[in-house]
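A.B. asks: Got a file for you: start-v9.txt, compact mmCIF, C-alpha atoms and all ligand atoms.
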```
# COMPACT_ATOMS: atom_id res chain seq x y z
CA ASP A 1 18.62 28.37 8.89
CA ARG A 2 15.77 25.90 8.94
CA LYS A 3 16.36 22.58 10.73
CA ILE A 4 15.80 19.63 8.40
CA ARG A 5 14.14 16.60 9.96
CA ILE A 6 14.23 13.07 8.51
CA ALA A 7 11.10 10.98 9.02
CA PRO A 8 11.63 7.38 7.88
CA SER A 9 8.45 5.69 6.64
CA ILE A 10 8.06 2.29 8.26
CA LEU A 11 6.18 1.19 5.15
CA SER A 12 9.64 0.08 3.96
CA ALA A 13 10.51 -1.69 7.26
CA ASP A 14 10.38 -5.44 7.91
CA PHE A 15 6.69 -6.03 8.68
CA ALA A 16 7.54 -8.92 11.02
CA ASN A 17 9.75 -6.67 13.20
CA PHE A 18 8.25 -3.21 13.67
CA GLY A 19 9.33 -2.69 17.28
CA GLN A 20 12.99 -3.39 16.54
CA GLU A 21 12.89 -1.50 13.25
CA ILE A 22 11.57 1.63 14.98
CA GLN A 23 14.23 1.39 17.69
CA ALA A 24 16.92 0.89 15.04
CA ILE A 25 16.02 3.94 12.94
CA GLU A 26 15.78 6.14 16.03
CA ALA A 27 19.15 4.95 17.29
CA GLN A 28 20.52 5.73 13.83
CA GLY A 29 19.32 9.32 13.76
CA ALA A 30 15.69 9.42 12.63
CA ASP A 31 13.98 12.61 13.88
CA TRP A 32 10.38 11.43 13.49
CA VAL A 33 8.70 8.08 12.70
CA HIS A 34 6.26 8.28 9.75
CA VAL A 35 3.35 5.81 9.70
CA ASP A 36 1.47 5.38 6.41
CA VAL A 37 -2.17 4.42 6.95
CA MET A 38 -3.91 3.19 3.77
CA ASP A 39 -7.48 2.00 3.33
CA GLY A 40 -7.66 0.28 -0.08
CA HIS A 41 -10.17 2.94 -1.17
CA PHE A 42 -8.57 6.39 -1.06
CA VAL A 43 -5.36 4.66 -2.18
CA PRO A 44 -4.94 1.22 -3.79
CA ASN A 45 -3.15 -0.41 -0.83
CA LEU A 46 -3.94 -1.47 2.75
CA THR A 47 -1.74 -1.05 5.81
CA PHE A 48 -2.29 -0.19 9.47
CA GLY A 49 -5.39 0.23 11.62
CA PRO A 50 -5.46 1.86 15.07
CA PRO A 51 -4.42 -1.33 16.94
CA ALA A 52 -1.20 -1.52 14.89
CA VAL A 53 -0.45 2.15 15.58
CA LYS A 54 -1.08 1.54 19.28
CA ALA A 55 1.43 -1.33 19.20
CA PHE A 56 4.07 0.94 17.61
CA ARG A 57 3.59 3.66 20.22
CA PRO A 58 5.76 2.32 23.07
CA HIS A 59 8.69 1.88 20.67
CA VAL A 60 8.59 5.48 19.39
CA LYS A 61 10.63 7.76 21.65
CA SER A 62 10.73 10.65 19.17
CA PHE A 63 7.55 11.79 17.42
CA MET A 64 4.96 9.61 15.68
CA ASP A 65 3.67 11.22 12.53
CA VAL A 66 0.58 9.39 11.23
CA HIS A 67 -0.28 9.98 7.57
CA LEU A 68 -3.90 9.00 6.95
CA MET A 69 -4.60 8.03 3.32
CA ILE A 70 -8.20 7.12 4.08
CA ALA A 71 -11.65 8.36 3.10
CA PRO A 72 -13.81 9.10 4.91
CA VAL A 73 -11.28 10.24 7.52
CA ASP A 74 -13.34 12.02 10.20
CA PRO A 75 -14.80 8.84 11.78
CA TYR A 76 -11.29 7.53 12.52
CA ILE A 77 -9.54 10.59 13.94
CA ASP A 78 -10.28 9.85 17.58
CA ALA A 79 -9.13 6.24 17.20
CA TYR A 80 -5.73 7.26 15.78
CA ALA A 81 -5.37 9.94 18.46
CA GLU A 82 -6.11 7.38 21.19
CA ALA A 83 -3.67 4.96 19.55
CA GLY A 84 -0.94 7.49 20.33
CA ALA A 85 -0.24 9.58 17.23
CA ASP A 86 1.63 12.83 17.95
CA MET A 87 0.54 14.34 14.63
CA ILE A 88 -2.35 13.30 12.42
CA THR A 89 -2.23 14.28 8.75
CA ALA A 90 -5.35 14.00 6.60
CA HIS A 91 -5.67 14.57 2.86
CA VAL A 92 -7.45 17.64 1.55
CA GLU A 93 -8.99 15.33 -1.08
CA ALA A 94 -10.46 12.94 1.52
CA GLY A 95 -13.82 14.70 1.67
CA PRO A 96 -15.71 17.96 1.19
CA HIS A 97 -14.89 19.33 4.66
CA PRO A 98 -11.12 19.41 5.26
CA HIS A 99 -11.60 22.46 7.50
CA ARG A 100 -13.84 20.43 9.80
CA THR A 101 -11.32 17.57 9.68
CA LEU A 102 -8.53 19.86 10.92
CA GLN A 103 -10.79 21.20 13.65
CA ALA A 104 -11.48 17.61 14.73
CA ILE A 105 -7.76 16.75 14.81
CA ARG A 106 -6.99 19.89 16.83
CA ALA A 107 -9.80 18.98 19.24
CA THR A 108 -7.94 15.78 20.15
CA GLY A 109 -4.96 17.85 21.29
CA LYS A 110 -2.70 16.37 18.58
CA LYS A 111 -0.77 18.32 15.95
CA ALA A 112 -2.67 18.61 12.66
CA GLY A 113 -1.34 18.14 9.14
CA ILE A 114 -3.01 18.55 5.75
CA ALA A 115 -1.75 16.65 2.70
CA LEU A 116 -1.98 17.44 -1.01
CA ASN A 117 -1.82 14.88 -3.80
CA PRO A 118 0.45 15.80 -6.72
CA GLY A 119 -2.50 16.84 -8.91
CA THR A 120 -4.13 19.08 -6.30
CA PRO A 121 -3.45 22.81 -6.58
CA LEU A 122 -1.84 24.60 -3.67
CA GLU A 123 -4.83 26.93 -3.36
CA ALA A 124 -6.79 24.01 -1.81
CA VAL A 125 -4.98 24.64 1.49
CA ASP A 126 -5.01 28.45 1.44
CA TYR A 127 -7.88 28.85 3.93
CA LEU A 128 -6.77 25.89 6.04
CA LEU A 129 -3.35 27.14 7.08
CA ASP A 130 -4.54 28.73 10.32
CA LEU A 131 -5.60 25.26 11.50
CA ALA A 132 -2.48 23.41 10.33
CA ASP A 133 0.82 22.62 12.02
CA MET A 134 2.13 21.05 8.81
CA VAL A 135 1.36 20.83 5.09
CA LEU A 136 2.42 17.61 3.35
CA VAL A 137 3.24 17.97 -0.34
CA MET A 138 3.09 14.49 -1.88
CA THR A 139 5.93 14.04 -4.33
CA VAL A 140 4.47 10.75 -5.62
CA ASN A 141 0.89 9.53 -5.97
CA PRO A 142 0.21 7.96 -2.58
CA GLY A 143 -0.16 4.22 -2.17
CA PHE A 144 3.26 2.62 -2.48
CA GLY A 145 6.87 3.07 -1.49
CA GLY A 146 9.66 3.10 -4.05
CA GLN A 147 8.03 5.31 -6.70
CA LYS A 148 9.71 7.96 -8.81
CA PHE A 149 9.83 11.55 -7.53
CA ILE A 150 7.51 13.95 -9.43
CA HIS A 151 9.70 16.96 -10.17
CA ASN A 152 7.02 19.60 -10.71
CA GLN A 153 6.18 19.41 -7.01
CA VAL A 154 9.38 21.29 -6.15
CA ASP A 155 7.77 24.48 -7.45
CA LYS A 156 4.68 23.72 -5.32
CA VAL A 157 6.90 23.52 -2.23
CA ALA A 158 8.51 26.87 -3.06
CA ARG A 159 5.15 28.57 -3.58
CA LEU A 160 3.82 27.01 -0.36
CA ARG A 161 6.81 28.36 1.57
CA ALA A 162 5.93 31.86 0.31
CA MET A 163 2.23 31.35 1.14
CA ILE A 164 3.05 30.29 4.72
CA GLY A 165 5.23 33.34 5.35
CA ASP A 166 6.41 33.50 8.94
CA ARG A 167 3.70 31.23 10.38
CA PRO A 168 5.15 28.25 12.31
CA ILE A 169 4.00 25.57 9.86
CA HIS A 170 6.17 22.65 8.76
CA ILE A 171 6.40 21.67 5.10
CA GLN A 172 6.72 17.92 4.70
CA VAL A 173 7.50 16.08 1.47
CA ASP A 174 6.81 12.38 0.95
CA GLY A 175 7.69 10.08 -1.95
CA GLY A 176 10.85 9.46 -3.90
CA ILE A 177 13.04 11.37 -1.45
CA ASP A 178 16.67 10.29 -1.75
CA PRO A 179 20.12 11.94 -1.76
CA THR A 180 19.42 13.39 -5.24
CA THR A 181 15.95 14.83 -4.63
CA ALA A 182 16.28 15.85 -0.96
CA PRO A 183 18.46 18.92 -1.67
CA LEU A 184 15.92 20.17 -4.24
CA VAL A 185 12.98 20.12 -1.82
CA ALA A 186 15.06 21.41 1.10
CA LYS A 187 16.18 24.37 -1.00
CA ALA A 188 12.56 25.03 -1.99
CA GLY A 189 11.59 25.21 1.70
CA ALA A 190 10.61 21.73 2.92
CA ASP A 191 11.80 20.94 6.45
CA VAL A 192 10.44 17.44 7.15
CA LEU A 193 11.61 14.84 4.65
CA VAL A 194 9.84 11.46 4.63
CA ALA A 195 11.87 8.63 3.14
CA GLY A 196 11.06 4.94 2.99
CA SER A 197 13.16 2.97 0.54
CA ALA A 198 16.10 5.39 0.73
CA VAL A 199 16.40 4.80 4.51
CA PHE A 200 15.76 1.05 4.70
CA LYS A 201 17.56 -0.15 1.56
CA GLY A 202 20.49 -2.44 2.23
CA GLY A 203 19.98 -2.49 6.02
CA SER A 204 18.20 -4.64 8.61
CA VAL A 205 17.82 -4.80 12.39
CA GLN A 206 20.92 -7.02 12.34
CA ASP A 207 22.79 -4.41 10.31
CA PRO A 208 21.32 -1.08 11.48
CA GLN A 209 24.38 1.09 10.77
CA VAL A 210 23.28 1.01 7.12
CA TYR A 211 20.15 2.95 8.18
CA GLY A 212 22.41 5.57 9.77
CA GLU A 213 24.51 5.87 6.63
CA ASN A 214 21.36 6.14 4.51
CA ILE A 215 19.86 8.83 6.79
CA ARG A 216 23.04 10.89 6.77
CA ALA A 217 23.24 10.61 2.97
CA ILE A 218 19.80 12.22 2.64
C1 LIG B 301 3.42 6.78 -0.20
C2 LIG B 301 3.74 6.95 1.27
C3 LIG B 301 5.16 7.22 1.51
C4 LIG B 301 6.10 6.13 1.05
C5 LIG B 301 7.41 6.76 0.71
O1 LIG B 301 2.06 6.60 -0.34
O2 LIG B 301 2.98 8.03 1.81
O3 LIG B 301 5.42 7.57 2.87
O4 LIG B 301 6.27 5.11 1.98
O5 LIG B 301 8.24 5.77 0.19
P1 LIG B 301 9.53 6.12 -0.67
O6 LIG B 301 10.42 6.99 0.17
O7 LIG B 301 10.12 4.77 -0.92
O8 LIG B 301 9.06 6.81 -1.91
ZN ZN B 302 3.44 8.96 3.89
```
I need this file expressed as structure tokens, please.
C.D. replies:
Amino acid sequence: DRKIRIAPSILSADFANFGQEIQAIEAQGADWVHVDVMDGHFVPNLTFGPPAVKAFRPHVKSFMDVHLMIAPVDPYIDAYAEAGADMITAHVEAGPHPHRTLQAIRATGKKAGIALNPGTPLEAVDYLLDLADMVLVMTVNPGFGGQKFIHNQVDKVARLRAMIGDRPIHIQVDGGIDPTTAPLVAKAGADVLVAGSAVFKGGSVQDPQVYGENIRAI
């Protein structure tokens, strides 16, 4: 049986309190901490640069999973590695050379992930799998938390699981994951579930048990 990991996205945390928010979700059972980096170009929103990621680092005791929604991506890989990411995920759509991008991530010594937008066919990662520790199947169009899950991506996850075979590669899903959609993607073969609004809704650093209830419900 595959172990399912929950990776809360701090995009839905209180932006004035990241240190405490990270400590709260870890104390409440988060397996990884997912950091959404957006550039206002590859996606229509702006979030965290390397100095912010570096400030999160000392608070993360588990595993910091940095999802780069930026283009170009290659010029920034070393900066996010030095900021303390444990895994760096780049989008296959971020440029013409995703193979080189994965080589560059691997060269930093960090784990490497490759992400697919909902409209991108699975075949785009076929020849990249030998350089990847994880494939991220986006289940919304990236840019914002709180969007509706795109159901046809469940089939993509199932076909990706078959394509990976017995290679040790995680399948991550991100976007619209909640207690209703999580079982669908887990059954299809995803093992790292990112969730933003479904983890943080109703809770706060003053009331962190809500995060625990939300995580267990997923
Ligand atoms: C979307 C981000 C997600 C997002 C998920 O661009 O990559 O990580 O925060 O948020 P929810 O779980 O609210 O859909
Ligand atoms: Zn993400």
A.B. asks: At a cut-off of 6 Å around ligand LIG 301 (chain B), and using all atoms listed in the file, what residues come up? Please write them as an MDAnalysis selection string.
C.D. replies: chainID A and resid 9 11 36 142:147 174:177 195:198
A.B. asks: I need the residue nearest Asp130 in chain A from this list: A:Gly49, A:Asp1, A:Ala24, A:Arg167. Use all atoms listed in the file for the distance.
C.D. replies: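 Under the stated criterion, the closest residue is A:Arg167.
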A.B. asks: List all protein, DNA and RNA residues that have at least one atom no more than 12 Å from any atom of ligand ZN 302 (chain B), counting all atoms listed in the file, and write them as JSON, numbers by chain.
C.D. replies: {"A": [7, 8, 9, 10, 11, 12, 33, 34, 35, 36, 37, 38, 43, 47, 64, 65, 66, 67, 68, 69, 70, 88, 89, 90, 91, 113, 114, 115, 116, 117, 136, 137, 138, 139, 140, 141, 142, 143, 144, 145, 146, 172, 173, 174, 175, 176, 177, 192, 193, 194, 195, 196, 197]}
A.B. asks: Write the selection just made, keeping C-alpha atoms, as a compact mmCIF listing (two decimals), in the frame of the given file?
C.D. replies:
```
# COMPACT_ATOMS: atom_id res chain seq x y z
CA ALA A 7 11.10 10.98 9.02
CA PRO A 8 11.63 7.38 7.88
CA SER A 9 8.45 5.69 6.64
CA ILE A 10 8.06 2.29 8.26
CA LEU A 11 6.18 1.19 5.15
CA SER A 12 9.64 0.08 3.96
CA VAL A 33 8.70 8.08 12.70
CA HIS A 34 6.26 8.28 9.75
CA VAL A 35 3.35 5.81 9.70
CA ASP A 36 1.47 5.38 6.41
CA VAL A 37 -2.17 4.42 6.95
CA MET A 38 -3.91 3.19 3.77
CA VAL A 43 -5.36 4.66 -2.18
CA THR A 47 -1.74 -1.05 5.81
CA MET A 64 4.96 9.61 15.68
CA ASP A 65 3.67 11.22 12.53
CA VAL A 66 0.58 9.39 11.23
CA HIS A 67 -0.28 9.98 7.57
CA LEU A 68 -3.90 9.00 6.95
CA MET A 69 -4.60 8.03 3.32
CA ILE A 70 -8.20 7.12 4.08
CA ILE A 88 -2.35 13.30 12.42
CA THR A 89 -2.23 14.28 8.75
CA ALA A 90 -5.35 14.00 6.60
CA HIS A 91 -5.67 14.57 2.86
CA GLY A 113 -1.34 18.14 9.14
CA ILE A 114 -3.01 18.55 5.75
CA ALA A 115 -1.75 16.65 2.70
CA LEU A 116 -1.98 17.44 -1.01
CA ASN A 117 -1.82 14.88 -3.80
CA LEU A 136 2.42 17.61 3.35
CA VAL A 137 3.24 17.97 -0.34
CA MET A 138 3.09 14.49 -1.88
CA THR A 139 5.93 14.04 -4.33
CA VAL A 140 4.47 10.75 -5.62
CA ASN A 141 0.89 9.53 -5.97
CA PRO A 142 0.21 7.96 -2.58
CA GLY A 143 -0.16 4.22 -2.17
CA PHE A 144 3.26 2.62 -2.48
CA GLY A 145 6.87 3.07 -1.49
CA GLY A 146 9.66 3.10 -4.05
CA GLN A 172 6.72 17.92 4.70
CA VAL A 173 7.50 16.08 1.47
CA ASP A 174 6.81 12.38 0.95
CA GLY A 175 7.69 10.08 -1.95
CA GLY A 176 10.85 9.46 -3.90
CA ILE A 177 13.04 11.37 -1.45
CA VAL A 192 10.44 17.44 7.15
CA LEU A 193 11.61 14.84 4.65
CA VAL A 194 9.84 11.46 4.63
CA ALA A 195 11.87 8.63 3.14
CA GLY A 196 11.06 4.94 2.99
CA SER A 197 13.16 2.97 0.54
```
A.B. asks: Step by step: start from the point (11.2, 3.6, 21.4) in the file's coordinates, keep every protein, DNA or RNA residue that has an atom no farther than 10 Å from it, count all atoms listed in the file, and write the set as a PDB file with C-alpha atoms, keeping the file's coordinate frame.
C.D. replies:
```
ATOM      1  CA  GLY A  19       9.330  -2.690  17.280  1.00  0.00           C
ATOM      2  CA  GLN A  20      12.990  -3.390  16.540  1.00  0.00           C
ATOM      3  CA  GLU A  21      12.890  -1.500  13.250  1.00  0.00           C
ATOM      4  CA  ILE A  22      11.570   1.630  14.980  1.00  0.00           C
ATOM      5  CA  GLN A  23      14.230   1.390  17.690  1.00  0.00           C
ATOM      6  CA  ALA A  24      16.920   0.890  15.040  1.00  0.00           C
ATOM      7  CA  ILE A  25      16.020   3.940  12.940  1.00  0.00           C
ATOM      8  CA  GLU A  26      15.780   6.140  16.030  1.00  0.00           C
ATOM      9  CA  ALA A  27      19.150   4.950  17.290  1.00  0.00           C
ATOM     10  CA  PHE A  56       4.070   0.940  17.610  1.00  0.00           C
ATOM     11  CA  ARG A  57       3.590   3.660  20.220  1.00  0.00           C
ATOM     12  CA  PRO A  58       5.760   2.320  23.070  1.00  0.00           C
ATOM     13  CA  HIS A  59       8.690   1.880  20.670  1.00  0.00           C
ATOM     14  CA  VAL A  60       8.590   5.480  19.390  1.00  0.00           C
ATOM     15  CA  LYS A  61      10.630   7.760  21.650  1.00  0.00           C
ATOM     16  CA  SER A  62      10.730  10.650  19.170  1.00  0.00           C
ATOM     17  CA  PHE A  63       7.550  11.790  17.420  1.00  0.00           C
TER      18      PHE A  63
END
```
A.B. asks: Write out as JSON, numbers by chain the residues lying within 12 Å of Ala186 in chain A, counting all atoms listed in the file and excluding same-chain residues fewer than 5 positions away.
C.D. replies: {"A": [1, 2, 3, 4, 5, 6, 154, 155, 157, 158, 161, 170, 171, 172, 173, 177, 178, 179, 180, 181, 191, 192, 193, 194, 218]}
A.B. asks: When you count only C-alpha atoms, which of these residues is closest to Gly95 in chain A: A:Leu131, A:Ala107, A:Ala71, A:Ala79?
C.D. replies: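 Nearest to Gly95 in chain A: A:Ala71.
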A.B. asks: Enter the distance from CA of Ala85 in chain A to CA of Gly119 in chain A, in Å, rounded to one decimal.
C.D. replies: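 Distance between the two atoms: 27.2 Å.
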A.B. asks: Smallest atom-to-atom distance to Ile105 in chain A: which of A:Pro121, A:Gly29, A:Ile169, A:Glu82, using all atoms listed in the file?
C.D. replies: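 Of the candidates, the smallest distance to Ile105 in chain A is held by A:Glu82.
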A.B. asks: Identify the residues around (-4.7, 28.5, -3.8) within a radius of 12 Å, measuring from all atoms listed in the file in the coordinates stated by the file, and give them as a ChimeraX atom specification.
C.D. replies: /A:116,120-129,156,159-160,162-164
A.B. asks: Pick out the residues sitting within 6 Å of range 211-217 of chain A, and hand them over as an MDAnalysis selection string; count all atoms listed in the file, and ignore anything fewer than 2 positions along from it in its own chain.
C.D. replies: chainID A and resid 28 179 199:200 203 208:209
